[in-house]
Structures are given as structure tokens and as C-alpha cells.
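Participant: First the structure, then my questions, so here it is.
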Amino acid sequence: MREPDHITIVSTGRAAYPDDLRTASKGRRVMLLLICGLVVFLGMHSVHMIAPSWRGRQVASWGLMRWKGVFSLVSLTGLVLIVMGFGAARMQPHMLYAPPAWLRHANALFTLVAFVLVAAAYVPRNHIKARLGHPMLAGVKIWAFGHLLASGMVHDVVLFGPFLLWAALDFMVSRRRDRTAGTVYPAGSARGDATALVIGAVAWTGMAVWLHALLIGVPALA
């Protein structure tokens, strides 16, 4: 009797899954790895939003430096899982939607703005931080939004979608907390603005021209 087409008999006499089922199973595992990394990383970065009182108790009990050490260790673990899961998921791409080519080019501009915003979070006395209060979160929002517009693969949506949602919520909560506490950021200066712009542009150039292809495996300006 002829064996069914969807079953292969190996030398052990046991039925083996077809290649497509094995590939699907591997795809689910790597996607789960990516999701676990996102839960760990973004979860740790959301403690101050969802459990500020608990965080305050841990800081008081452990001390600020010990809390920062645990925070960094957990965050690094999540980041490693994200990198591993995303890298493996890219090897088994599944298209969710096909963005037009011009959106991929527009994403370069979105990313440049994001880099300048992140730089503004650390450069003292610039108008961007004085106005936004939390420019790093604004930068993450723009970075994630631009990549969602430019990338239509399932693994891209799984990665950038949660980052966009987290950054938007964190920005909203942080701004509300600033208003409640009456927080006022130092006034900006032309020197601070220029410094943030230069640092952001240089970092963006390095990533776009060299590091993106080296770290992600995809040329940013292709």
C-alpha cells in the first residue's frame, strides 16, 4: 500500500513531520522567545507606571544602587531574548502587509528625528527637553512608528508594536506626573539645541551607514 503523501517513514519506523510542520513549529518557538523578551524588558521598564508604590518600597528596602543593579540585569536578560528571538524570526519571514517603497525611505527621516530626541534626553539645557520633558520616550515612539510603517513582516509588528504602545503610555503617564508634581525642566539654549542635533545626526549616520547592516543584517538605506 502506498504511504500518504503527507507522512514520511524514517529508518526508525516512526512517522516524521513534514518540513513545513517542523518549520512552523520552529517559527512558533522563536516568536515565543521574542515575546518573552519583550515581556521581560518592557515589563521591567513599566514597573514605575503600573506599580510605583511597590517600586518605592523595593528601593527603600534594597537601596537605590542595588535596585538599579537588579533593574539592569533583568532588562539585559530581556534585551538578549529580544535580539535572539528577532534574529531567529527574521530567518523565517511572514509578510503581513506590503508597505510602499516611499515609506521605507521616509522611515530614515523618522529615525533621524528619533535619534535627535534621544540625544536631547541627555544633553543639558536644550529646548526639546524643556518642551517635552521626556524626549527619549518621544524618540522611541517615532522610531517604532516609522518602522511599523516601513516594515510589513510579522516579526517586525511583534517587535515594534509593543514598543510603540509602551512608549506612548509611558510618555503620557510621565507627562501627567510632571504636571501633578509641578516639574519644570531647565530652560533651553541654542548651544544645547545644536549639541543635541549634532550628536543625534552623527549617531544616526553611524547606524544608517554601518551599524544597522552589521547588527541587524539589513542595510538601513537600501
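We label chains A, B, ... in the order they appear in the C-alpha cells, count residues from 1 in each chain, and number ligands from 1 in the order shown.
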Would you mind listing what lies within 12 Å of Val202 in chain A as an NGL selection string, with only C-alpha atoms counted and same-chain residues fewer than 5 positions away left out?

Facilitator: :A and (112-113 or 115-116 or 119 or 195-197 or 207-210)

Participant: Hey, can you spit out that residue selection with N, CA, C and O atoms as an mmCIF file, in the first residue's frame?

Facilitator:
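Final output, saved to selection37.cif:
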data_model
loop_
_atom_site.group_PDB
_atom_site.id
_atom_site.type_symbol
_atom_site.label_atom_id
_atom_site.label_comp_id
_atom_site.auth_asym_id
_atom_site.auth_seq_id
_atom_site.Cartn_x
_atom_site.Cartn_y
_atom_site.Cartn_z
ATOM 1 N N LEU A 112 15.956 59.538 12.046
ATOM 2 C CA LEU A 112 16.830 60.677 12.333
ATOM 3 C C LEU A 112 16.229 61.543 13.438
ATOM 4 O O LEU A 112 16.930 61.941 14.387
ATOM 5 N N VAL A 113 14.947 61.827 13.325
ATOM 6 C CA VAL A 113 14.274 62.618 14.361
ATOM 7 C C VAL A 113 14.336 61.890 15.699
ATOM 8 O O VAL A 113 14.580 62.495 16.761
ATOM 9 N N PHE A 115 16.628 59.805 16.777
ATOM 10 C CA PHE A 115 17.977 59.881 17.329
ATOM 11 C C PHE A 115 18.231 61.249 17.968
ATOM 12 O O PHE A 115 18.866 61.340 19.024
ATOM 13 N N VAL A 116 17.748 62.298 17.337
ATOM 14 C CA VAL A 116 17.929 63.636 17.903
ATOM 15 C C VAL A 116 17.160 63.753 19.223
ATOM 16 O O VAL A 116 17.662 64.322 20.202
ATOM 17 N N ALA A 119 19.071 61.920 21.922
ATOM 18 C CA ALA A 119 20.229 62.722 22.324
ATOM 19 C C ALA A 119 19.803 63.879 23.224
ATOM 20 O O ALA A 119 20.482 64.211 24.209
ATOM 21 N N THR A 195 23.940 71.007 20.145
ATOM 22 C CA THR A 195 24.642 69.808 20.602
ATOM 23 C C THR A 195 23.782 68.566 20.418
ATOM 24 O O THR A 195 24.251 67.520 19.939
ATOM 25 N N ALA A 196 22.509 68.651 20.800
ATOM 26 C CA ALA A 196 21.598 67.514 20.638
ATOM 27 C C ALA A 196 21.441 67.153 19.167
ATOM 28 O O ALA A 196 21.427 65.965 18.796
ATOM 29 N N LEU A 197 21.336 68.173 18.318
ATOM 30 C CA LEU A 197 21.175 67.929 16.886
ATOM 31 C C LEU A 197 22.405 67.252 16.294
ATOM 32 O O LEU A 197 22.292 66.272 15.533
ATOM 33 N N MET A 207 24.675 54.615 12.512
ATOM 34 C CA MET A 207 23.749 53.479 12.463
ATOM 35 C C MET A 207 23.287 53.200 11.041
ATOM 36 O O MET A 207 23.264 52.046 10.591
ATOM 37 N N ALA A 208 22.917 54.241 10.315
ATOM 38 C CA ALA A 208 22.366 54.057 8.972
ATOM 39 C C ALA A 208 23.396 53.536 7.981
ATOM 40 O O ALA A 208 23.098 52.676 7.145
ATOM 41 N N VAL A 209 24.619 54.051 8.081
ATOM 42 C CA VAL A 209 25.642 53.710 7.089
ATOM 43 C C VAL A 209 26.346 52.395 7.414
ATOM 44 O O VAL A 209 26.710 51.644 6.511
ATOM 45 N N TRP A 210 26.505 52.094 8.703
ATOM 46 C CA TRP A 210 27.350 50.972 9.073
ATOM 47 C C TRP A 210 26.701 49.999 10.058
ATOM 48 O O TRP A 210 26.543 48.810 9.777
#

Participant: Determine, counting only C-alpha atoms, which protein, DNA and RNA residues have an atom within 12 Å of an atom of Ala108 in chain A; residues of the same chain fewer than 5 positions away are not included. Present the result as a list in words.

Facilitator: Ala101, Trp102, Leu103, Val113, Ala114, Phe115, Ile142, Trp143, Ala144, Phe145, Gly146, His147, Leu149, Ala150, Ala201, Trp204, Thr205, Met207, Ala208, Val209, His212, Pro219, Ala220, Leu221 and Ala222 of chain A

Participant: Which residue, A:Lys68, A:His94, A:Arg191, A:Arg176, has the smallest gap to His134 in chain A when you use only C-alpha atoms?

Facilitator: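 Of A:Lys68, A:His94, A:Arg191, A:Arg176, the one nearest His134 in chain A is A:Arg176, counting only C-alpha atoms.
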
Participant: One decimal, in Å: what's the spacing between CA of Val140 in chain A and CA of Leu169 in chain A?

Facilitator: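 It comes out at 11.5 Å.
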
Participant: Go through range 69-159 of chain A residue by residue and, counting only C-alpha atoms, keep those with an atom at most 8 Å from range 35-50 of chain A; for each kept residue give the shortest atom pair and its distance in Å to one decimal, ordered by chain and increasing number, as CSV.

Facilitator:
residue,atom,partner,partner_atom,distance
A:Phe71,CA,A:Met44,CA,6.9
A:Val74,CA,A:Val40,CA,7.1
A:Ser75,CA,A:Phe41,CA,4.9
A:Leu76,CA,A:Phe41,CA,7.5
A:Thr77,CA,A:Gly37,CA,7.5
A:Gly78,CA,A:Gly37,CA,4.3
A:Leu79,CA,A:Phe41,CA,6.1
A:Val80,CA,A:Gly37,CA,7.3
A:Leu81,CA,A:Gly37,CA,4.5
A:Ile82,CA,A:Gly37,CA,4.6
A:Gly85,CA,A:Gly37,CA,7.7
A:Val158,CA,A:Ile35,CA,7.5
A:Leu159,CA,A:Leu38,CA,7.6

Participant: For the residues in the current selection, export all heavy atoms as a PDB file, in the first residue's frame.

Facilitator:
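Result went into part_21.pdb, see below:
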ATOM      1  N   PHE A  71      17.508  45.974  38.226  1.00  0.00           N
ATOM      2  CA  PHE A  71      16.813  46.514  37.055  1.00  0.00           C
ATOM      3  C   PHE A  71      17.641  46.279  35.788  1.00  0.00           C
ATOM      4  O   PHE A  71      17.117  45.830  34.761  1.00  0.00           O
ATOM      5  CB  PHE A  71      16.565  48.007  37.263  1.00  0.00           C
ATOM      6  CG  PHE A  71      15.850  48.675  36.127  1.00  0.00           C
ATOM      7  CD1 PHE A  71      14.470  48.781  36.131  1.00  0.00           C
ATOM      8  CD2 PHE A  71      16.548  49.212  35.053  1.00  0.00           C
ATOM      9  CE1 PHE A  71      13.793  49.403  35.095  1.00  0.00           C
ATOM     10  CE2 PHE A  71      15.887  49.833  34.009  1.00  0.00           C
ATOM     11  CZ  PHE A  71      14.513  49.927  34.024  1.00  0.00           C
ATOM     12  N   VAL A  74      17.822  42.398  34.855  1.00  0.00           N
ATOM     13  CA  VAL A  74      16.573  41.901  34.264  1.00  0.00           C
ATOM     14  C   VAL A  74      16.373  42.493  32.867  1.00  0.00           C
ATOM     15  O   VAL A  74      15.986  41.786  31.927  1.00  0.00           O
ATOM     16  CB  VAL A  74      15.380  42.235  35.175  1.00  0.00           C
ATOM     17  CG1 VAL A  74      14.064  41.854  34.499  1.00  0.00           C
ATOM     18  CG2 VAL A  74      15.510  41.509  36.512  1.00  0.00           C
ATOM     19  N   SER A  75      16.644  43.781  32.722  1.00  0.00           N
ATOM     20  CA  SER A  75      16.488  44.435  31.427  1.00  0.00           C
ATOM     21  C   SER A  75      17.433  43.831  30.388  1.00  0.00           C
ATOM     22  O   SER A  75      17.038  43.604  29.233  1.00  0.00           O
ATOM     23  CB  SER A  75      16.745  45.942  31.551  1.00  0.00           C
ATOM     24  OG  SER A  75      15.817  46.539  32.420  1.00  0.00           O
ATOM     25  N   LEU A  76      18.666  43.565  30.789  1.00  0.00           N
ATOM     26  CA  LEU A  76      19.634  42.971  29.872  1.00  0.00           C
ATOM     27  C   LEU A  76      19.190  41.575  29.453  1.00  0.00           C
ATOM     28  O   LEU A  76      19.324  41.195  28.284  1.00  0.00           O
ATOM     29  CB  LEU A  76      21.006  42.920  30.529  1.00  0.00           C
ATOM     30  CG  LEU A  76      22.138  42.317  29.683  1.00  0.00           C
ATOM     31  CD1 LEU A  76      22.338  43.121  28.401  1.00  0.00           C
ATOM     32  CD2 LEU A  76      23.441  42.255  30.484  1.00  0.00           C
ATOM     33  N   THR A  77      18.642  40.809  30.390  1.00  0.00           N
ATOM     34  CA  THR A  77      18.131  39.478  30.056  1.00  0.00           C
ATOM     35  C   THR A  77      17.026  39.580  29.011  1.00  0.00           C
ATOM     36  O   THR A  77      17.009  38.827  28.024  1.00  0.00           O
ATOM     37  CB  THR A  77      17.586  38.783  31.319  1.00  0.00           C
ATOM     38  OG1 THR A  77      18.643  38.655  32.286  1.00  0.00           O
ATOM     39  CG2 THR A  77      17.042  37.402  30.983  1.00  0.00           C
ATOM     40  N   GLY A  78      16.101  40.503  29.221  1.00  0.00           N
ATOM     41  CA  GLY A  78      15.037  40.695  28.242  1.00  0.00           C
ATOM     42  C   GLY A  78      15.562  41.129  26.891  1.00  0.00           C
ATOM     43  O   GLY A  78      15.091  40.660  25.852  1.00  0.00           O
ATOM     44  N   LEU A  79      16.558  42.020  26.897  1.00  0.00           N
ATOM     45  CA  LEU A  79      17.124  42.502  25.639  1.00  0.00           C
ATOM     46  C   LEU A  79      17.805  41.378  24.874  1.00  0.00           C
ATOM     47  O   LEU A  79      17.673  41.275  23.644  1.00  0.00           O
ATOM     48  CB  LEU A  79      18.122  43.629  25.921  1.00  0.00           C
ATOM     49  CG  LEU A  79      18.745  44.304  24.699  1.00  0.00           C
ATOM     50  CD1 LEU A  79      17.669  44.932  23.821  1.00  0.00           C
ATOM     51  CD2 LEU A  79      19.765  45.355  25.126  1.00  0.00           C
ATOM     52  N   VAL A  80      18.524  40.510  25.572  1.00  0.00           N
ATOM     53  CA  VAL A  80      19.176  39.373  24.924  1.00  0.00           C
ATOM     54  C   VAL A  80      18.141  38.453  24.291  1.00  0.00           C
ATOM     55  O   VAL A  80      18.303  37.986  23.150  1.00  0.00           O
ATOM     56  CB  VAL A  80      20.046  38.596  25.938  1.00  0.00           C
ATOM     57  CG1 VAL A  80      20.516  37.269  25.343  1.00  0.00           C
ATOM     58  CG2 VAL A  80      21.253  39.433  26.356  1.00  0.00           C
ATOM     59  N   LEU A  81      17.046  38.196  25.004  1.00  0.00           N
ATOM     60  CA  LEU A  81      15.982  37.351  24.454  1.00  0.00           C
ATOM     61  C   LEU A  81      15.351  38.007  23.222  1.00  0.00           C
ATOM     62  O   LEU A  81      15.025  37.313  22.245  1.00  0.00           O
ATOM     63  CB  LEU A  81      14.913  37.100  25.521  1.00  0.00           C
ATOM     64  CG  LEU A  81      15.327  36.245  26.718  1.00  0.00           C
ATOM     65  CD1 LEU A  81      14.187  36.171  27.734  1.00  0.00           C
ATOM     66  CD2 LEU A  81      15.748  34.850  26.283  1.00  0.00           C
ATOM     67  N   ILE A  82      15.171  39.329  23.263  1.00  0.00           N
ATOM     68  CA  ILE A  82      14.614  40.041  22.106  1.00  0.00           C
ATOM     69  C   ILE A  82      15.525  39.900  20.896  1.00  0.00           C
ATOM     70  O   ILE A  82      15.075  39.592  19.782  1.00  0.00           O
ATOM     71  CB  ILE A  82      14.397  41.527  22.443  1.00  0.00           C
ATOM     72  CG1 ILE A  82      13.253  41.694  23.438  1.00  0.00           C
ATOM     73  CG2 ILE A  82      14.100  42.333  21.179  1.00  0.00           C
ATOM     74  CD1 ILE A  82      13.088  43.112  23.958  1.00  0.00           C
ATOM     75  N   GLY A  85      15.433  36.238  19.682  1.00  0.00           N
ATOM     76  CA  GLY A  85      14.162  35.902  19.065  1.00  0.00           C
ATOM     77  C   GLY A  85      13.933  36.622  17.754  1.00  0.00           C
ATOM     78  O   GLY A  85      13.480  36.024  16.773  1.00  0.00           O
ATOM     79  N   VAL A 158       5.435  42.416  15.691  1.00  0.00           N
ATOM     80  CA  VAL A 158       5.527  41.896  17.056  1.00  0.00           C
ATOM     81  C   VAL A 158       6.558  42.674  17.868  1.00  0.00           C
ATOM     82  O   VAL A 158       6.382  42.899  19.068  1.00  0.00           O
ATOM     83  CB  VAL A 158       5.872  40.391  17.037  1.00  0.00           C
ATOM     84  CG1 VAL A 158       6.190  39.887  18.440  1.00  0.00           C
ATOM     85  CG2 VAL A 158       4.715  39.597  16.448  1.00  0.00           C
ATOM     86  N   LEU A 159       7.636  43.123  17.228  1.00  0.00           N
ATOM     87  CA  LEU A 159       8.667  43.875  17.938  1.00  0.00           C
ATOM     88  C   LEU A 159       8.284  45.343  18.126  1.00  0.00           C
ATOM     89  O   LEU A 159       8.277  45.858  19.259  1.00  0.00           O
ATOM     90  CB  LEU A 159       9.987  43.796  17.181  1.00  0.00           C
ATOM     91  CG  LEU A 159      11.131  44.645  17.749  1.00  0.00           C
ATOM     92  CD1 LEU A 159      11.533  44.152  19.138  1.00  0.00           C
ATOM     93  CD2 LEU A 159      12.335  44.648  16.799  1.00  0.00           C
TER      94      LEU A 159
END
